[in-house]
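What follows is a short report on a single structure.
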Amino acid sequence: MPGKAPMFWKVLRSALLPPVIVLCGLAALAQSPSAQSQGEGASLPADPNQFIREAIQHELQSEIQDRTHWMYRLHREDEKGAQDREVIETKEGSLARTLLVNGHPLTPDERDKDEERMRQLVDNPAERAKKMRHSRQDEEKARQLLQAIPDAFIFHYEGTGDGLVQLSFIPNPHYNPPTRELQVYHGMIGKMWIDHSAMRLARIQGVLAEDVNFGFGLLGHLSKGGSFEVVQKNVGEGHWEAVMLDINMQGRAVVFKTLTVTQHDRLTDFHRVPDDLTIAQAFDLLQKAAGTVAESKLSGH
């Protein structure tokens, strides 16, 4: 649903699955809360692809049933530097307050600009609607990426431990990707871990084993050796979120423009907020939190 946390995987954001980088952008993480568990003692299907199909169907169903919103802290490092943000999800989209830039508190001028950015989102319904449209588009791409996995790859069981089922995957040579984004699966190998009791995707690692061309190479390519990793877990009340995302990809875009995407996300300090929270109320919460921190510093605590 709009306004959920990124990963995936913002995920898949949100959600969770491969943070597939293509020349038209970075797909979202599909993230979702848990639904009813399958039971840790349930036997595994003989066909590992069937097991993956059931797990992904469970992810998708859980996303549909999700109506919760959360507050969390996001630490992101990319080509532009490092940022720490406090994020609140609402029924009108997410709102984030910047806490640190490259490990340092914001200057008064930077703080004013950050507050103006938040106010613009709170006071401008058209801007919120634009962001929510983009969010829905990202979520739809994430769902497509997720749904395609059982057909795009051939899975093999690699073992179990700590309640997780580990599988490896290689490209299915018979898979014909229907969209440009899905072409990246042709060059990808990796591993996936499923929480057997919750039937949730707990972790995925992927590597491009070969160059992946788009438009026969005319639109560009992603280079062999690019990698990503996503970790998802229960952050409270049975709610699963992507808590770690690492991306290291290189390639070439049109007109021989070099494409480098390096991103490292860590999501922590999850707290549930009211499901009917508005973005204006989220702004007030972030302002109050900032005031509490300022008072604490003045008092020496």
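Lettering and numbering for the structure tokens are positional, with chains as A, B, ... in the shown order, residues counted from 1 in each chain, and ligands counted from 1 in the shown order.
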Within 7 Å of range 262-277 of chain A, which residues of range 79-169 of chain A come that close, and what is the closest atom pair and distance in Å for each? Count only C-alpha atoms and give it as a Markdown table.
```
| residue | atom | partner | partner_atom | distance |
| --- | --- | --- | --- | --- |
| A:Glu79 | CA | A:Thr262 | CA | 6.4 |
| A:Thr90 | CA | A:Leu277 | CA | 5.3 |
| A:Lys91 | CA | A:Asp276 | CA | 6.2 |
```
Long-range neighbours of Val212 in chain A as an mmCIF file with C-alpha atoms, in the first residue's frame, 7 Å cut-off, only C-alpha atoms, 4 positions minimum in chain:
```cif
data_model
loop_
_atom_site.group_PDB
_atom_site.id
_atom_site.type_symbol
_atom_site.label_atom_id
_atom_site.label_comp_id
_atom_site.auth_asym_id
_atom_site.auth_seq_id
_atom_site.Cartn_x
_atom_site.Cartn_y
_atom_site.Cartn_z
ATOM 1 C CA VAL A 184 17.993 -8.608 -15.506
ATOM 2 C CA GLY A 187 22.070 -12.930 -15.831
ATOM 3 C CA HIS A 221 23.880 -2.781 -19.883
ATOM 4 C CA LEU A 222 24.600 -3.833 -16.323
ATOM 5 C CA SER A 223 28.063 -5.297 -15.823
#
```
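Take CA of Tyr185 in chain A and CA of His134 in chain A: the distance between them is 23.4 Å.
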Note to self: I need the residues of range 43-197 of chain A that end up classed as alpha helix (DSSP H) by DSSP on the backbone, written out as a PyMOL selection string.
What the structure shows: chain A and resi 48-65+108-123+125-152
Note to self: So that I can see what lies close to Gln287 in chain A, please list as a ChimeraX atom specification the residues with an atom at most 12 Å from it, counting only C-alpha atoms and leaving out residues fewer than 6 positions away in the same chain.
What the structure shows: /A:86,88,95-99,111,114-115,118-119,280-281,293-294
Note to self: Need the shell around range 166-177 of chain A: protein/DNA/RNA residues with any atom at most 9 Å away, counting only C-alpha atoms. Skip same-chain ones fewer than 6 positions apart. Format as a PyMOL selection string?
What the structure shows: chain A and resi 48+148+151-160+183-194
Next item on the list: Kindly give the distance, in Å, that separates CA of His104 in chain A and CA of Val261 in chain A, rounded to a single decimal.
Entry: 23.7 Å
Check: So how far away is CA of Leu145 in chain A from CA of Ile64 in chain A, in Å?
Finding: 16.2 Å
Item checked: Distance criterion (only C-alpha atoms): nearest to Glu210 in chain A out of A:Ser197, A:Asp66, A:Glu127, A:Gly225 ->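 Among the listed residues, A:Gly225 lies closest to Glu210 in chain A.
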Check: So which bits of range 58-277 of chain A end up strand (DSSP E) when you DSSP the backbone, as a count of residues only?
Finding: 113
